[in-house]
Each structure stands twice: as structure tokens, then as C-alpha cells.
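Raw start-v6.pdb, PDB, C-alpha atoms:
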ATOM      1  CA  MET F 300       0.000   0.000   0.000
ATOM      2  CA  GLU F 301       1.327   3.409  -1.040
ATOM      3  CA  SER F 302      -1.260   5.947  -0.001
ATOM      4  CA  CYS F 303      -1.832   9.691   0.146
ATOM      5  CA  ASN F 304      -3.971  11.248   2.884
ATOM      6  CA  TYR F 305      -6.680  13.613   1.605
ATOM      7  CA  TYR F 306      -8.276  16.209   3.870
ATOM      8  CA  GLY F 307      -9.958  19.534   3.254
ATOM      9  CA  LEU F 308     -11.986  22.537   4.345
ATOM     10  CA  PRO F 309     -14.526  24.096   4.748
ATOM     11  CA  SER F 310     -16.141  20.645   4.885
ATOM     12  CA  GLU F 311     -13.905  17.788   5.932
ATOM     13  CA  ASP F 312     -15.807  15.277   3.794
ATOM     14  CA  MET F 313     -13.889  15.369   0.514
ATOM     15  CA  LEU F 314     -16.030  12.713  -1.193
ATOM     16  CA  GLN F 315     -18.977  15.048  -1.751
ATOM     17  CA  GLU F 316     -19.851  15.775  -5.360
ATOM     18  CA  GLY F 317     -19.408  19.492  -4.663
ATOM     19  CA  TYR F 318     -15.657  18.890  -4.379
ATOM     20  CA  ALA F 319     -15.423  17.278  -7.825
ATOM     21  CA  ILE F 320     -13.741  20.442  -9.127
ATOM     22  CA  GLN F 321     -10.807  19.462  -6.911
ATOM     23  CA  TRP F 322     -10.581  15.675  -7.250
ATOM     24  CA  GLY F 323     -12.310  15.155 -10.594
ATOM     25  CA  ALA F 324     -10.674  14.692 -13.993
ATOM     26  CA  GLU F 325     -12.279  17.882 -15.302
ATOM     27  CA  GLY F 326     -11.045  19.966 -12.383
ATOM     28  CA  ARG F 327      -7.770  20.048 -10.481
ATOM     29  CA  ASN F 328      -7.589  16.268 -10.805
ATOM     30  CA  ASP F 329      -6.226  15.584  -7.318
ATOM     31  CA  LEU F 330      -6.869  11.849  -7.610
ATOM     32  CA  GLY F 331      -5.104  11.723 -10.947
ATOM     33  CA  ARG F 332      -2.119  13.553  -9.471
ATOM     34  CA  MET F 333      -1.942  11.078  -6.585
ATOM     35  CA  LYS F 334      -1.912   8.227  -9.066
ATOM     36  CA  ALA F 335       0.828   9.952 -11.077
ATOM     37  CA  LEU F 336       2.917  10.236  -7.896
ATOM     38  CA  GLY F 337       2.773   6.468  -7.534
ATOM     39  CA  ALA F 338      -0.023   6.128  -4.983
ATOM     40  CA  ASN F 339      -2.286   3.100  -5.107
ATOM     41  CA  ALA F 340      -4.572   4.202  -2.265
ATOM     42  CA  VAL F 341      -6.070   7.296  -0.688
ATOM     43  CA  ARG F 342      -6.942   7.677   2.981
ATOM     44  CA  LEU F 343      -9.802  10.018   3.886
ATOM     45  CA  TYR F 344     -11.320  11.512   7.019
ATOM     46  CA  HIS F 345     -14.946  12.312   7.965
ATOM     47  CA  SER F 346     -16.311  10.506   4.893
ATOM     48  CA  LEU F 347     -19.051   8.849   6.939
ATOM     49  CA  GLY F 348     -21.000  10.354   9.815
ATOM     50  CA  LEU F 349     -20.606  14.066   9.100
ATOM     51  CA  GLU F 350     -24.141  14.181   7.692
ATOM     52  CA  SER F 351     -22.972  15.896   4.530
ATOM     53  CA  GLU F 352     -25.431  15.771   1.684
ATOM     54  CA  GLY F 353     -24.993  14.675  -1.900
ATOM     55  CA  SER F 354     -23.650  11.611  -3.614
ATOM     56  CA  HIS F 355     -20.214  10.189  -2.907
ATOM     57  CA  GLN F 356     -20.361   7.829  -5.854
ATOM     58  CA  GLY F 357     -18.525  10.128  -8.263
ATOM     59  CA  PHE F 358     -15.403  10.137  -6.096
ATOM     60  CA  LEU F 359     -15.516   6.372  -5.706
ATOM     61  CA  ASP F 360     -16.080   5.840  -9.428
ATOM     62  CA  ARG F 361     -13.148   8.109 -10.282
ATOM     63  CA  ALA F 362     -10.909   6.277  -7.804
ATOM     64  CA  SER F 363     -11.983   2.950  -9.256
ATOM     65  CA  GLU F 364     -11.188   4.205 -12.751
ATOM     66  CA  LEU F 365      -7.671   5.081 -11.562
ATOM     67  CA  GLN F 366      -7.332   1.813  -9.600
ATOM     68  CA  LEU F 367      -6.916   3.748  -6.358
ATOM     69  CA  ASN F 368      -8.027   1.954  -3.209
ATOM     70  CA  VAL F 369     -10.201   4.194  -1.051
ATOM     71  CA  MET F 370      -9.976   4.083   2.750
ATOM     72  CA  PRO F 371     -12.804   6.300   4.027
ATOM     73  CA  GLY F 372     -12.793   7.341   7.655
ATOM     74  CA  PHE F 373     -15.701   7.941   9.995
ATOM     75  CA  HIS F 374     -16.254  11.292  11.676
ATOM     76  CA  SER F 375     -14.807  10.351  15.058
ATOM     77  CA  THR F 376     -13.547  13.495  16.762
ATOM     78  CA  GLU F 377     -16.564  14.118  19.007
ATOM     79  CA  PRO F 378     -17.099  11.666  21.893
ATOM     80  CA  ASN F 379     -20.448  13.311  22.628
ATOM     81  CA  LEU F 380     -21.825  11.625  19.498
ATOM     82  CA  CYS F 381     -21.815   8.399  21.508
ATOM     83  CA  ASP F 382     -23.741   7.440  24.639
ATOM     84  CA  ASP F 383     -21.000   7.147  27.269
ATOM     85  CA  PHE F 384     -18.640   5.919  24.530
ATOM     86  CA  ASP F 385     -21.172   3.400  23.234
ATOM     87  CA  CYS F 386     -20.902   4.351  19.561
ATOM     88  CA  PHE F 387     -23.087   1.569  18.153
ATOM     89  CA  GLU F 388     -26.046   3.678  17.032
ATOM     90  CA  PHE F 389     -24.048   6.526  15.523
ATOM     91  CA  TRP F 390     -21.755   4.218  13.542
ATOM     92  CA  ARG F 391     -24.651   2.034  12.412
ATOM     93  CA  ASP F 392     -26.642   5.033  11.218
ATOM     94  CA  ALA F 393     -23.599   6.661   9.586
ATOM     95  CA  THR F 394     -22.919   3.462   7.665
ATOM     96  CA  LEU F 395     -26.528   3.165   6.520
ATOM     97  CA  LYS F 396     -26.459   6.803   5.373
ATOM     98  CA  GLY F 397     -23.269   6.035   3.473
ATOM     99  CA  PHE F 398     -25.003   3.206   1.660
ATOM    100  CA  GLU F 399     -27.595   5.740   0.478
ATOM    101  CA  GLN F 400     -24.855   8.098  -0.733
ATOM    102  CA  GLY F 401     -23.098   5.731  -3.109
ATOM    103  CA  PHE F 402     -20.943   3.497  -0.938
ATOM    104  CA  THR F 403     -22.600   0.352  -2.311
ATOM    105  CA  ALA F 404     -22.738  -1.322  -5.713
ATOM    106  CA  ASP F 405     -24.438  -4.587  -6.654
ATOM    107  CA  GLY F 406     -25.230  -5.576  -3.091
ATOM    108  CA  GLN F 407     -21.799  -4.986  -1.602
ATOM    109  CA  TRP F 408     -19.444  -2.134  -0.796
ATOM    110  CA  HIS F 409     -18.384  -0.025  -3.780
ATOM    111  CA  PRO F 410     -15.427  -1.808  -5.435
ATOM    112  CA  ALA F 411     -13.117   1.160  -4.804
ATOM    113  CA  VAL F 412     -13.453   0.822  -1.020
ATOM    114  CA  SER F 413     -10.676  -1.295   0.475
ATOM    115  CA  ALA F 414     -10.877  -0.447   4.186
ATOM    116  CA  LEU F 415     -12.995   1.484   6.668
ATOM    117  CA  ILE F 416     -11.177   3.508   9.304
ATOM    118  CA  LEU F 417     -13.626   3.321  12.172
ATOM    119  CA  LEU F 418     -11.817   5.727  14.492
ATOM    120  CA  ASN F 419      -8.764   7.939  14.292
ATOM    121  CA  GLU F 420      -6.648   8.119  17.464
ATOM    122  CA  PRO F 421      -9.469   7.355  19.914
ATOM    123  CA  ASP F 422      -6.873   6.987  22.666
ATOM    124  CA  PHE F 423      -7.077  10.771  23.033
ATOM    125  CA  PHE F 424     -10.652  10.318  24.268
ATOM    126  CA  GLU F 425      -9.133   9.777  27.705
ATOM    127  CA  HIS F 426      -8.455  13.522  27.891
ATOM    128  CA  ASP F 427     -12.096  14.390  27.199
ATOM    129  CA  PRO F 428     -14.157  15.422  30.247
ATOM    130  CA  LEU F 429     -16.752  12.799  29.284
ATOM    131  CA  CYS F 430     -14.222  10.055  29.963
ATOM    132  CA  LYS F 431     -14.074  11.051  33.631
ATOM    133  CA  GLY F 432     -10.624   9.617  34.193
ATOM    134  CA  ARG F 433     -11.449   6.097  33.015
ATOM    135  CA  GLY F 434      -8.489   5.946  30.630
ATOM    136  CA  ALA F 435      -8.380   2.954  28.279
ATOM    137  CA  PHE F 436     -12.026   2.104  28.996
ATOM    138  CA  CYS F 437     -13.252   5.002  26.851
ATOM    139  CA  ARG F 438     -11.208   4.323  23.713
ATOM    140  CA  VAL F 439     -11.814   0.581  23.803
ATOM    141  CA  LYS F 440     -15.559   0.815  24.385
ATOM    142  CA  ALA F 441     -15.796   3.269  21.495
ATOM    143  CA  ALA F 442     -13.831   0.928  19.232
ATOM    144  CA  ILE F 443     -15.748  -2.290  19.932
ATOM    145  CA  SER F 444     -19.134  -0.550  19.726
ATOM    146  CA  ALA F 445     -18.213   1.191  16.453
ATOM    147  CA  LEU F 446     -17.203  -2.168  14.982
ATOM    148  CA  ASP F 447     -20.487  -3.635  16.201
ATOM    149  CA  GLY F 448     -22.428  -0.782  14.593
ATOM    150  CA  VAL F 449     -20.822  -1.183  11.171
ATOM    151  CA  LEU F 450     -21.448  -4.931  11.134
ATOM    152  CA  ALA F 451     -25.061  -4.365  12.191
ATOM    153  CA  ALA F 452     -25.534  -1.888   9.332
ATOM    154  CA  GLU F 453     -24.150  -4.380   6.812
ATOM    155  CA  ASP F 454     -26.525  -7.043   8.124
ATOM    156  CA  PHE F 455     -29.553  -4.727   8.140
ATOM    157  CA  ALA F 456     -28.942  -3.465   4.600
ATOM    158  CA  GLY F 457     -27.860  -6.833   3.211
ATOM    159  CA  VAL F 458     -24.526  -5.403   2.063
ATOM    160  CA  ALA F 459     -21.798  -8.005   1.622
ATOM    161  CA  PRO F 460     -18.347  -7.006   2.934
ATOM    162  CA  GLY F 461     -16.519  -7.982  -0.230
ATOM    163  CA  ARG F 462     -12.853  -7.082   0.167
ATOM    164  CA  VAL F 463     -13.399  -4.303   2.706
ATOM    165  CA  HIS F 464     -11.117  -4.437   5.726
ATOM    166  CA  LEU F 465     -11.755  -2.736   9.071
ATOM    167  CA  THR F 466      -9.307  -0.805  11.225
ATOM    168  CA  VAL F 467      -8.667   1.789  13.908
ATOM    169  CA  THR F 468      -5.610   4.030  13.617
ATOM    170  CA  TRP F 469      -4.097   4.564  17.058
ATOM    171  CA  SER F 470      -1.717   7.333  18.015
ATOM    172  CA  PHE F 471       1.963   6.655  18.668
ATOM    173  CA  ALA F 472       1.678   7.905  22.237
ATOM    174  CA  MET F 473       2.926   5.710  25.069
ATOM    175  CA  ARG F 474      -0.004   3.832  26.586
ATOM    176  CA  THR F 475      -0.899   0.496  28.181
ATOM    177  CA  SER F 476      -3.457  -1.890  26.701
ATOM    178  CA  ILE F 477      -6.830  -2.409  28.373
ATOM    179  CA  ASP F 478      -5.707  -5.793  29.746
ATOM    180  CA  ASP F 479      -2.301  -4.493  30.946
ATOM    181  CA  VAL F 480      -0.491  -6.915  28.620
ATOM    182  CA  VAL F 481       1.175  -4.482  26.189
ATOM    183  CA  GLN F 482       2.848  -1.172  26.936
ATOM    184  CA  GLY F 483       4.184   1.043  24.195
ATOM    185  CA  PRO F 484       3.255   3.465  21.423
ATOM    186  CA  GLY F 485       0.676   2.280  18.905
ATOM    187  CA  THR F 486       0.775  -1.410  19.704
ATOM    188  CA  PHE F 487      -1.269  -0.909  22.866
ATOM    189  CA  GLY F 488      -4.232  -0.492  20.516
ATOM    190  CA  PHE F 489      -3.438  -3.698  18.648
ATOM    191  CA  GLN F 490      -3.752  -5.583  21.934
ATOM    192  CA  ASP F 491      -6.810  -3.545  22.954
ATOM    193  CA  MET F 492      -8.754  -4.932  20.014
ATOM    194  CA  LEU F 493      -7.664  -8.522  20.511
ATOM    195  CA  ALA F 494      -8.668  -8.344  24.167
ATOM    196  CA  VAL F 495     -12.052  -6.661  23.777
ATOM    197  CA  VAL F 496     -13.176  -8.747  20.800
ATOM    198  CA  LYS F 497     -12.451 -11.818  22.905
ATOM    199  CA  ASP F 498     -14.237 -10.372  25.936
ATOM    200  CA  PRO F 499     -16.355  -7.200  25.506
ATOM    201  CA  SER F 500     -17.184  -7.259  29.210
ATOM    202  CA  LEU F 501     -13.745  -5.715  29.777
ATOM    203  CA  VAL F 502     -15.491  -2.413  29.045
ATOM    204  CA  ASP F 503     -18.962  -3.409  30.261
ATOM    205  CA  TYR F 504     -20.174  -3.703  26.670
ATOM    206  CA  THR F 505     -22.881  -6.065  25.445
ATOM    207  CA  PRO F 506     -22.741  -6.426  21.639
ATOM    208  CA  ARG F 507     -25.951  -6.231  19.624
ATOM    209  CA  THR F 508     -24.391  -8.344  16.884
ATOM    210  CA  PRO F 509     -23.733 -11.946  17.982
ATOM    211  CA  LEU F 510     -20.254 -12.074  19.483
ATOM    212  CA  SER F 511     -19.356 -15.083  17.352
ATOM    213  CA  ARG F 512     -19.994 -13.018  14.217
ATOM    214  CA  ILE F 513     -17.952 -10.087  15.523
ATOM    215  CA  GLN F 514     -15.080 -12.444  16.256
ATOM    216  CA  SER F 515     -15.337 -14.105  12.843
ATOM    217  CA  GLU F 516     -15.393 -10.803  10.957
ATOM    218  CA  PHE F 517     -12.533  -9.499  13.078
ATOM    219  CA  GLU F 518     -10.365 -12.493  12.213
ATOM    220  CA  LYS F 519     -11.128 -12.150   8.500
ATOM    221  CA  ARG F 520     -11.161  -8.391   8.046
ATOM    222  CA  TRP F 521      -9.217  -6.597  10.761
ATOM    223  CA  VAL F 522      -6.005  -4.676  10.076
ATOM    224  CA  HIS F 523      -4.057  -3.029  12.893
ATOM    225  CA  GLY F 524      -3.198   0.632  12.288
ATOM    226  CA  LEU F 525      -1.189   3.455  13.828
ATOM    227  CA  ASN F 526      -0.235   7.049  13.057
ATOM    228  CA  THR F 527       3.273   8.319  13.647
ATOM    229  CA  GLN F 528       5.635  11.237  13.231
ATOM    230  CA  SER F 529       8.574   9.091  14.354
ATOM    231  CA  PRO F 530      11.365   7.895  12.039
ATOM    232  CA  TRP F 531      10.535   4.700  10.169
ATOM    233  CA  SER F 532      13.644   2.932  11.457
ATOM    234  CA  PHE F 533      12.407   3.256  15.039
ATOM    235  CA  VAL F 534       8.785   2.405  14.225
ATOM    236  CA  SER F 535       9.784  -0.639  12.202
ATOM    237  CA  GLU F 536      12.092  -2.027  14.867
ATOM    238  CA  PHE F 537       9.687  -1.382  17.723
ATOM    239  CA  VAL F 538       6.596  -2.865  16.068
ATOM    240  CA  SER F 539       8.571  -5.854  14.767
ATOM    241  CA  GLN F 540       9.806  -6.618  18.278
ATOM    242  CA  HIS F 541       6.280  -6.432  19.650
ATOM    243  CA  TYR F 542       4.919  -8.655  16.867
ATOM    244  CA  GLN F 543       7.505 -11.268  17.808
ATOM    245  CA  LYS F 544       6.847 -10.887  21.533
ATOM    246  CA  TYR F 545       3.046 -10.934  21.351
ATOM    247  CA  ASP F 546       2.339 -13.744  18.861
ATOM    248  CA  ASN F 547       1.968 -11.436  15.853
ATOM    249  CA  PHE F 548      -1.084  -9.772  17.428
ATOM    250  CA  GLY F 549      -3.466 -12.416  16.171
ATOM    251  CA  ASN F 550      -1.501 -12.905  12.932
ATOM    252  CA  LEU F 551      -3.219  -9.777  11.660
ATOM    253  CA  PRO F 552      -1.377  -7.306   9.404
ATOM    254  CA  TRP F 553      -0.649  -3.679  10.240
ATOM    255  CA  PHE F 554      -0.120  -0.413   8.399
ATOM    256  CA  ILE F 555       0.845   3.187   9.070
ATOM    257  CA  GLY F 556      -2.217   5.383   8.692
ATOM    258  CA  GLU F 557      -0.224   8.618   8.890
ATOM    259  CA  TYR F 558       3.473   8.765   8.067
ATOM    260  CA  GLY F 559       4.211  12.320   9.163
ATOM    261  CA  ALA F 560       8.004  12.655   8.818
ATOM    262  CA  ASN F 561       7.680  15.864  10.811
ATOM    263  CA  GLY F 562      10.940  17.824  10.632
ATOM    264  CA  GLN F 563      12.728  15.215   8.513
ATOM    265  CA  ASP F 564      14.788  16.277   5.508
ATOM    266  CA  GLU F 565      14.261  15.046   1.954
ATOM    267  CA  ASP F 566      16.928  12.345   2.096
ATOM    268  CA  VAL F 567      15.425  10.794   5.226
ATOM    269  CA  ILE F 568      11.920  10.831   3.765
ATOM    270  CA  ILE F 569      13.073   9.204   0.527
ATOM    271  CA  SER F 570      14.982   6.573   2.476
ATOM    272  CA  ASP F 571      11.982   5.888   4.716
ATOM    273  CA  LEU F 572       9.550   5.547   1.818
ATOM    274  CA  THR F 573      11.903   3.233  -0.054
ATOM    275  CA  SER F 574      12.453   1.081   3.016
ATOM    276  CA  MET F 575       8.728   0.892   3.762
ATOM    277  CA  GLU F 576       7.978  -0.205   0.212
ATOM    278  CA  GLU F 577      10.616  -2.933   0.410
ATOM    279  CA  ARG F 578       9.283  -4.101   3.770
ATOM    280  CA  ALA F 579       5.711  -4.254   2.463
ATOM    281  CA  VAL F 580       6.843  -6.443  -0.439
ATOM    282  CA  ASP F 581       8.833  -8.830   1.765
ATOM    283  CA  ASP F 582       6.674  -8.954   4.913
ATOM    284  CA  SER F 583       3.086 -10.172   4.612
ATOM    285  CA  LEU F 584       2.230  -8.621   7.985
ATOM    286  CA  PHE F 585       3.177  -5.065   6.963
ATOM    287  CA  LEU F 586       0.896  -3.543   4.343
ATOM    288  CA  GLY F 587       2.486  -0.122   3.801
ATOM    289  CA  ALA F 588       1.855   3.495   4.729
ATOM    290  CA  ALA F 589      -0.220   6.571   3.978
ATOM    291  CA  VAL F 590       1.738   9.814   3.654
ATOM    292  CA  PHE F 591       0.305  12.526   5.884
ATOM    293  CA  GLN F 592      -0.236  15.926   4.308
ATOM    294  CA  PRO F 593       0.534  19.229   6.097
ATOM    295  CA  LEU F 594      -2.521  20.699   7.780
ATOM    296  CA  PHE F 595      -2.362  24.438   7.241
ATOM    297  CA  SER F 596      -5.564  24.846   9.260
ATOM    298  CA  LYS F 597      -3.966  23.308  12.344
ATOM    299  CA  PRO F 598      -1.655  25.289  14.642
ATOM    300  CA  GLY F 599       1.589  23.855  15.925
ATOM    301  CA  SER F 600       4.612  22.132  14.450
ATOM    302  CA  GLN F 601       2.753  20.647  11.473
ATOM    303  CA  PHE F 602       1.847  24.133  10.248
ATOM    304  CA  LEU F 603       5.290  25.575  10.930
ATOM    305  CA  LYS F 604       7.115  22.780   9.144
ATOM    306  CA  ALA F 605       4.815  23.140   6.159
ATOM    307  CA  GLN F 606       5.829  26.786   5.850
ATOM    308  CA  THR F 607       9.590  26.214   5.861
TER     309      THR F 607
END

Give the structure from the file, written as C-alpha cells.
Amino acid sequence: MESCNYYGLPSEDMLQEGYAIQWGAEGRNDLGRMKALGANAVRLYHSLGLESEGSHQGFLDRASELQLNVMPGFHSTEPNLCDDFDCFEFWRDATLKGFEQGFTADGQWHPAVSALILLNEPDFFEHDPLCKGRGAFCRVKAAISALDGVLAAEDFAGVAPGRVHLTVTWSFAMRTSIDDVVQGPGTFGFQDMLAVVKDPSLVDYTPRTPLSRIQSEFEKRWVHGLNTQSPWSFVSEFVSQHYQKYDNFGNLPWFIGEYGANGQDEDVIISDLTSMEERAVDDSLFLGAAVFQPLFSKPGSQFLKAQT
């Protein structure tokens, strides 16, 4: 996987037909430019759940035409959308709305869709006042209930999963997994999912979808994910060591959802990208990375580095 991240304003849902002047062939042709750069995938944010209107099919059709895999993300920055971090209803309804907006074709997910990013860095929920100091409980309950909601929507609408994988992209902050087994950046979330899918009662959650189905879909479709600004050499070594130590985290593959390279020079970035591509070819458990774009709307180091 060699992906670009795609994010915009004033609306953060870039799949809307109103943005076709940017991503479409007759406009700025952003998707075509990504393909020309060598990308084979595009990661998006807020594609489901933002309640934006209009069809999303044009974006997906254009991506399919270019053979770009689309990884749409759910709107997941507001914990208050969930009932005490039980996100089942919101994620179910967001998925059903997506089906109405062009995310399906011939009874299954649109062929351009390769993965759904259920949540982006939900570990930061622990800092939200709604979490009330419960730490890992909040992120893990949100993750298992969001997964439950998506599966319930597929069942209700009769939409077959096809090739669509499921993931959560965790931050690279230092944390401990919900079961106290794994400590470290990113990989805490890998263990979180293994633990809670095995036993949702860890977060006092009762699935609406039969647990056996959740476990089956998890085994078949789950991909571990993390975001990072750290050098690839460190990330690669650290995650590899944890895969060896913790039984390959269920023998499930992983990917980098945001390769930030914050503050790195051109030579380092080129070396990292080359090394990641080689690793993805040789290692069936590493799928690749999505290159994170500068966010000019966001204060802090990302903005400053983008200006220099």
C-alpha cells in the first residue's frame, strides 16, 4: 500500500460531489495527481458520519477508474456523538447513510473501497471530560461498539463485505493496553482490540451483533493501524519486536495510517519511503503506509514545518 492522505476545508468530507472540481478529472484532478505520484490508495477523514449531503459515488467511481483503493474514515472526533462511549447507534446510522450516498454497488461495498477507518486516534478520548478519568475504557468501548455498529448496518442493509477491511488508527503515544499486557506506542491499541473482541465485558459492553460473528469478521477483516511522526527505522524495529513478543497480534497485518516525517529532511523521507515499500513487499504482515499531508488549518509544528 502506497497511499496519500486527503483532507480539506470548509467541509472535511472530501467525497462530496461538490468537491469534484478538486478531485475530478475535469477539475484540479487531485486523484489523478496522486496516481501519477505512484499512490495506489487514498486515505480520507470524515467521509461517513458528518451528515454531509450529496452523492459520494462520483469520487468512488473516479478512484476505481484510476485503480486507487479508497480508505474512508468515519467522523470520530466528538465523543459526545456516543452514549457514554457506546458508539453503536451513531456508527450504524452513519454506515446506513453512506449506503444511500453511493458506498454500495451490486449488493456490496463499492469496489473502490478497500478499508474502513472506524476511528482515528481514539486513545485521546481519555483527555475528554466525558471520559471522567477512566483511561483505556473510553477508547476501547468506542472501538468495539463502532465495529459492532458497522457490522449491524451491513446485516440490516444486506450489504456483503466484499474485500473491505476494518481498522482503527491509534496514536503513537505511550499507553498500556486495556488488559495491561502491552505497553508502548501504537501497539497498545493492537492488543486492545484482541482483548475486547475476545471479551467485551472488559469495558462493560454487550454487543448487539452476535459475538461469534464479531469475532469471525474481526479475524477475516481486521487490520491493525497506527499514526506516527517518528522515524521509520524506530517504528519498524519497535513494532517488529512487539509482533515477535506478542504472537503477531493475532496474525493480523498492520499499516501506518499517517506517516508524518515531521521535521525530517528530503533524504530521510526518501529513504523511509523506499524502506517501507521494500518491507511491504517482503513482509506479509506489513501492508504499507499513507503519507500525511501538512494541515495548514492546524496550529503547531505541522503548520510551521509546512511553511519552511

To verify the selection step, state as a VMD selection string which residues the PyMOL selection byres ((chain F and resi 540-545) around 12) yields on this input.
chain F and resid 480 to 487 489 to 490 493 523 533 to 539 546 to 553 584 to 585

Distance query region 511-515 of chain F at most 9 Å, all atoms listed in the file, self and fewer than 2 positions along chain excluded, as a PDB file with C-alpha atoms, in the frame of the given file:
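Once written, around-v7.pdb looks like this:
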ATOM      1  CA  LEU F 446     -17.203  -2.168  14.982  1.00  0.00           C
ATOM      2  CA  ASP F 447     -20.487  -3.635  16.201  1.00  0.00           C
ATOM      3  CA  LEU F 450     -21.448  -4.931  11.134  1.00  0.00           C
ATOM      4  CA  VAL F 496     -13.176  -8.747  20.800  1.00  0.00           C
ATOM      5  CA  LYS F 497     -12.451 -11.818  22.905  1.00  0.00           C
ATOM      6  CA  PRO F 506     -22.741  -6.426  21.639  1.00  0.00           C
ATOM      7  CA  THR F 508     -24.391  -8.344  16.884  1.00  0.00           C
ATOM      8  CA  PRO F 509     -23.733 -11.946  17.982  1.00  0.00           C
ATOM      9  CA  PHE F 517     -12.533  -9.499  13.078  1.00  0.00           C
ATOM     10  CA  GLU F 518     -10.365 -12.493  12.213  1.00  0.00           C
ATOM     11  CA  LYS F 519     -11.128 -12.150   8.500  1.00  0.00           C
ATOM     12  CA  ARG F 520     -11.161  -8.391   8.046  1.00  0.00           C
TER      13      ARG F 520
END

Considering all atoms listed in the file, state which residue in the set F:Met492, F:Ala340, F:Leu572, F:Leu395 is at the smallest distance from Ala456 (chain F).
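Distance minimum relative to Ala456 (chain F) lands on F:Leu395.
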
Given all atoms listed in the file as the counted atoms, nearest of F:Gly317, F:Gly326, F:Pro378, F:Gly406 to Arg438 (chain F):
F:Pro378

Selection dump of the PyMOL selection byres ((chain F and resi 563-571) around 10), as a PyMOL selection string
chain F and resi 528-532+558-562+572-577+604

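The interatomic distance for the pair CA of Asp427 (chain F) and CA of Lys440 (chain F) works out to 14.3 Å.
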
Need to verify the contact set: Glu316 (chain F), 8 Å, all atoms listed in the file, exclusion of same-chain residues closer than 2 positions in sequence. Can you return it as a PyMOL selection string?
chain F and resi 314+318-319+353-358

Measuring atom to atom with only C-alpha atoms, identify which of F:Ala404, F:Leu418, F:Ala362, F:Ala435 is nearest to Leu330 (chain F).
F:Ala362

Neighbour list for region 363-372 of chain F as an NGL selection string, cut-off 8 Å, all atoms listed in the file, skip fewer than 5 positions in-chain:
:F and (330-331 or 334 or 338-347 or 410-419)
